[in-house]
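Visitor: This is the structure I have questions about; it appears just below.
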Amino acid sequence: MSVHAPLSPITPAWLPQGGGHNAGIHGLRGVAAAMVLFAHIIGGTAEHVYSASPGYLAVAEPLWNFGTFFVYLFFAISGYVILPSAFRYSPGDFAFRRMVRIYPLFLACSLVFIVGNLIWNLEPEVNNPTAIFYALTFTNLLVGAKQLTPNAWSLSYEMMFYALAAAGAYAVLQRRFGLGLVVAVASAAFVALYPKAIYFTVGIMVFAMNSEGMTRKIPLRPLAELAAAIGLAVAASQSHFDFHPGELSQPITLTCLTLTGIYFLLAVEPDSLTARALSARWAQYLGTISYSLYLVHPYVYMPMRVLFQRFDLFGDNVVLSVAIFGTVTALASVALAQFSFVIFEKFPQNLAKSWAKRPKFIQKETRP
């Protein structure tokens with residue numbers, strides 16, 4: 001197989017040609033990153049600042065639950081977007097594009113954590129070469145070790161999914177039955193051992209159903225989308241989903257899983273309520289910097305919280321204090337995310353394009 005060969009005219013029937021920009025999905029990325037930041041602001045102040053305020057804790061807990069749930073929406077988006085991308089590129093091109101997209105910012109944030117941990121030893125269990133190696137190679141998930149930089153635990157899941165998606169696409173297009181069987185078993189084991197990964201399968205199923213045009217047959221789609229979104233918001237706020245053994249069989253977990261699938265299926269349509277609402281410039285901008293915002297905001301939130309505590313800026317008026325803290329933290333996080341997007345996302349990708357000097361090649365399918 002030539003890495004640079006264009007795709008044969010015979011392609012999987014379910015694979016739309018070209019892909020294209022989906023305003024709803026792009027905006028959802030931005031909202032998801034912003035909601036994780038929101039969860040840290042609310043949950044962090046509840047745990048570290050106003051833990052003696054029962055009223056605030058009662059309000060903060062469901063908001064924290066809801067905000068952290070958006071990480072799983074990231075997984076669903078990856079399932080929807082990444083699997084078809086794996087079919088459009090050779091395994092080498094696919095891996096190169098993913099690493100250029102993900103690794104520079106991840107490495108920069110990890111180095112900040114490593115240096116800080118060497119100085120202050122805040123997490124001694126990962127202050128050693130072995131733990132650092134596992135984290136930087138994304139193999140920490142396989143050995144039960146921790147990631148380093150905050151929020152990066154989800155990237156280990158993403159990288160595992162990327163590997164399985166690339167191998168699966170190659171097996172299908174090249175008619176490698178043995179490899180396909182290995183990938184199927186490995187994928188099943190991935191979900192069984194790490195149940196959070198089931199949200200990748202939600203995205204894959206939504207892609208398959210959307211490609212068949214099933215969504216367009218649903219009556220009263222806008223009303224159904226709104227109902228699914230509200231239901232998901234209520235369900236996701238009821239619990240913090242860590243997916244401990246047996247949690248996947250609990251009714252609230254299954255409810256969130258089902259509602260995520262229904263909502264996402266309706267939201268990916270170009271004329272969905274989500275697409276119309278998130279076509280706004282602010283949502284599209286947040287979508288553009290979403291990866292940076294997701295990874296860098298802990299490095300704003302944590303020092304900012306320490307500063308507010310040291311200078312007694314958290315007063316008796318909980319709502320006002322948290323609102324001021326949240327606004328300052330959010331604005332500073334977006335500013336840092338914009339900087340990191342330019343330096344650690346846009347620049348490496350532009351550099352890679354100029355170095356490679358090649359168009360978007362697609363792997364060749366073996367004819368029967």
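In the structure tokens, the first chain shown is A, the next is B, and so on; residue numbers restart at 1 for each chain, and ligands run from 1 in the order shown.
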Need the shell around Val112 of chain A: protein/DNA/RNA residues with any atom at most 12 Å away, counting only C-alpha atoms. Skip same-chain ones fewer than 2 positions apart. Format as a ChimeraX atom specification?

Guide: /A:105-110,114-119,148-150,295-296,298-299

Visitor: Would you mind exporting the chosen residues as an mmCIF file, in the first residue's frame, restricted to C-alpha atoms?

Guide:
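Written output follows (selection-v4.cif):
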```cif
data_model
loop_
_atom_site.group_PDB
_atom_site.id
_atom_site.type_symbol
_atom_site.label_atom_id
_atom_site.label_comp_id
_atom_site.auth_asym_id
_atom_site.auth_seq_id
_atom_site.Cartn_x
_atom_site.Cartn_y
_atom_site.Cartn_z
ATOM 1 C CA LEU A 105 0.384 21.249 23.981
ATOM 2 C CA PHE A 106 0.169 18.062 26.039
ATOM 3 C CA LEU A 107 3.968 17.955 26.323
ATOM 4 C CA ALA A 108 4.183 21.631 27.260
ATOM 5 C CA CYS A 109 1.596 21.249 30.032
ATOM 6 C CA SER A 110 3.228 18.031 31.224
ATOM 7 C CA ILE A 114 6.942 17.866 36.005
ATOM 8 C CA VAL A 115 9.083 20.896 36.852
ATOM 9 C CA GLY A 116 6.585 22.134 39.442
ATOM 10 C CA ASN A 117 6.327 18.701 41.020
ATOM 11 C CA LEU A 118 10.105 18.388 41.171
ATOM 12 C CA ILE A 119 10.281 21.698 43.045
ATOM 13 C CA LEU A 148 0.520 14.105 35.127
ATOM 14 C CA THR A 149 -0.955 17.368 33.927
ATOM 15 C CA PRO A 150 -4.527 17.958 35.141
ATOM 16 C CA LEU A 295 -5.742 21.606 29.154
ATOM 17 C CA VAL A 296 -4.441 24.987 30.346
ATOM 18 C CA PRO A 298 -6.130 24.292 35.668
ATOM 19 C CA TYR A 299 -2.887 26.296 35.550
#
```

Visitor: Could you pull out the alpha helix (DSSP H) residues of segment 192-356 of chain A from DSSP and send them as a ChimeraX atom specification?

Guide: /A:192-193,198-211,221-236,251-267,273-277,281-288,290-296,298-310,318-340,347-356

Visitor: Export C-alpha atoms of the chosen residues as a CSV table (one decimal), in the first residue's frame?

Guide:
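Now in out.csv:
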```csv
chain,number,residue,atom,x,y,z
A,192,ALA,CA,-15.0,-3.6,29.5
A,193,LEU,CA,-11.9,-2.6,31.4
A,198,ILE,CA,-18.3,3.5,26.0
A,199,TYR,CA,-19.0,7.1,25.1
A,200,PHE,CA,-16.7,6.7,22.1
A,201,THR,CA,-19.1,4.0,20.9
A,202,VAL,CA,-22.0,6.4,21.3
A,203,GLY,CA,-20.3,8.8,18.8
A,204,ILE,CA,-19.6,5.9,16.4
A,205,MET,CA,-23.3,4.8,16.5
A,206,VAL,CA,-24.5,8.3,16.0
A,207,PHE,CA,-22.2,8.6,13.0
A,208,ALA,CA,-23.5,5.4,11.5
A,209,MET,CA,-27.1,6.4,12.0
A,210,ASN,CA,-26.6,9.9,10.8
A,211,SER,CA,-24.9,8.6,7.6
A,221,ARG,CA,-36.9,16.9,15.6
A,222,PRO,CA,-36.4,20.4,17.3
A,223,LEU,CA,-38.7,19.5,20.1
A,224,ALA,CA,-37.1,16.1,20.5
A,225,GLU,CA,-33.7,17.6,20.6
A,226,LEU,CA,-34.7,20.2,23.2
A,227,ALA,CA,-36.3,17.5,25.4
A,228,ALA,CA,-33.3,15.3,25.1
A,229,ALA,CA,-31.0,18.2,26.1
A,230,ILE,CA,-33.0,19.1,29.1
A,231,GLY,CA,-33.3,15.5,30.2
A,232,LEU,CA,-29.6,15.0,29.8
A,233,ALA,CA,-28.8,18.1,31.9
A,234,VAL,CA,-31.1,16.9,34.7
A,235,ALA,CA,-29.8,13.3,34.6
A,236,ALA,CA,-26.1,14.3,34.4
A,251,PRO,CA,-30.3,3.3,36.0
A,252,ILE,CA,-28.9,6.9,36.2
A,253,THR,CA,-25.8,5.9,34.2
A,254,LEU,CA,-27.8,4.1,31.6
A,255,THR,CA,-30.2,7.1,31.4
A,256,CYS,CA,-27.3,9.5,30.8
A,257,LEU,CA,-25.8,7.2,28.2
A,258,THR,CA,-29.1,6.9,26.3
A,259,LEU,CA,-29.9,10.6,26.5
A,260,THR,CA,-26.4,11.5,25.3
A,261,GLY,CA,-26.9,9.3,22.2
A,262,ILE,CA,-30.4,10.7,21.5
A,263,TYR,CA,-29.3,14.3,22.0
A,264,PHE,CA,-26.1,13.9,20.0
A,265,LEU,CA,-27.9,12.2,17.1
A,266,LEU,CA,-30.2,15.2,16.8
A,267,ALA,CA,-27.6,17.8,17.5
A,273,LEU,CA,-31.2,23.7,17.4
A,274,THR,CA,-27.6,23.1,18.6
A,275,ALA,CA,-26.1,24.0,15.3
A,276,ARG,CA,-28.2,27.2,15.0
A,277,ALA,CA,-27.4,28.3,18.6
A,281,ARG,CA,-19.0,33.7,16.8
A,282,TRP,CA,-18.4,33.2,20.6
A,283,ALA,CA,-19.2,29.5,20.4
A,284,GLN,CA,-17.2,28.9,17.2
A,285,TYR,CA,-14.3,30.7,18.8
A,286,LEU,CA,-14.5,28.6,21.9
A,287,GLY,CA,-14.6,25.5,19.7
A,288,THR,CA,-11.4,26.6,18.0
A,290,SER,CA,-11.4,24.2,23.1
A,291,TYR,CA,-8.4,21.8,23.4
A,292,SER,CA,-6.1,24.5,24.8
A,293,LEU,CA,-8.9,25.8,27.1
A,294,TYR,CA,-9.4,22.3,28.4
A,295,LEU,CA,-5.7,21.6,29.2
A,296,VAL,CA,-4.4,25.0,30.3
A,298,PRO,CA,-6.1,24.3,35.7
A,299,TYR,CA,-2.9,26.3,35.6
A,300,VAL,CA,-5.0,29.4,35.9
A,301,TYR,CA,-7.7,28.2,38.2
A,302,MET,CA,-5.4,26.8,40.9
A,303,PRO,CA,-3.0,29.7,41.3
A,304,MET,CA,-5.9,32.1,41.1
A,305,ARG,CA,-7.7,30.3,43.9
A,306,VAL,CA,-4.6,30.4,46.0
A,307,LEU,CA,-4.3,34.2,45.4
A,308,PHE,CA,-7.9,34.8,46.3
A,309,GLN,CA,-7.5,32.9,49.5
A,310,ARG,CA,-4.2,34.5,50.5
A,318,VAL,CA,-20.7,33.5,48.5
A,319,VAL,CA,-22.5,34.3,45.3
A,320,LEU,CA,-20.7,37.6,44.7
A,321,SER,CA,-17.3,36.1,45.6
A,322,VAL,CA,-17.6,33.1,43.4
A,323,ALA,CA,-18.9,35.2,40.6
A,324,ILE,CA,-15.9,37.5,40.7
A,325,PHE,CA,-13.5,34.6,41.1
A,326,GLY,CA,-15.1,32.7,38.2
A,327,THR,CA,-15.2,35.7,35.9
A,328,VAL,CA,-11.5,36.6,36.5
A,329,THR,CA,-10.5,32.9,36.2
A,330,ALA,CA,-12.5,32.4,33.0
A,331,LEU,CA,-11.1,35.5,31.3
A,332,ALA,CA,-7.6,34.6,32.2
A,333,SER,CA,-8.1,31.0,31.1
A,334,VAL,CA,-9.4,32.1,27.7
A,335,ALA,CA,-6.4,34.5,27.3
A,336,LEU,CA,-3.9,31.7,28.1
A,337,ALA,CA,-5.8,29.3,25.9
A,338,GLN,CA,-5.6,31.7,23.0
A,339,PHE,CA,-1.8,32.0,23.5
A,340,SER,CA,-1.3,28.3,23.8
A,347,PHE,CA,2.2,26.8,14.8
A,348,PRO,CA,3.1,23.1,15.0
A,349,GLN,CA,0.3,22.3,12.5
A,350,ASN,CA,1.4,25.0,10.1
A,351,LEU,CA,5.0,23.8,10.5
A,352,ALA,CA,4.0,20.2,9.8
A,353,LYS,CA,2.1,21.2,6.7
A,354,SER,CA,4.9,23.3,5.3
A,355,TRP,CA,7.4,20.5,6.0
A,356,ALA,CA,5.3,17.6,4.6
```

Visitor: I want to know what sits within 12 Å of Leu136 of chain A, based on only C-alpha atoms, with residues of the same chain fewer than 2 positions away left out; could you give that as JSON, numbers by chain?

Guide: {"A": [102, 103, 104, 105, 106, 107, 108, 109, 110, 111, 113, 114, 126, 129, 130, 131, 132, 133, 134, 138, 139, 140, 141, 145, 146, 147, 148, 149, 152, 153, 155, 156, 159]}

Visitor: So how far away is atom CA of Met214 of chain A from atom CA of Ala171 of chain A, in Å?

Guide: 26.9 Å

Visitor: So which residues touch Gly20 of chain A within 12 Å, counting only C-alpha atoms, skipping near sequence neighbours fewer than 6 positions away, as a list in words?

Guide: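 Everything that qualifies: His26, Val81, Pro84, Ser85 and Pro270 of chain A.
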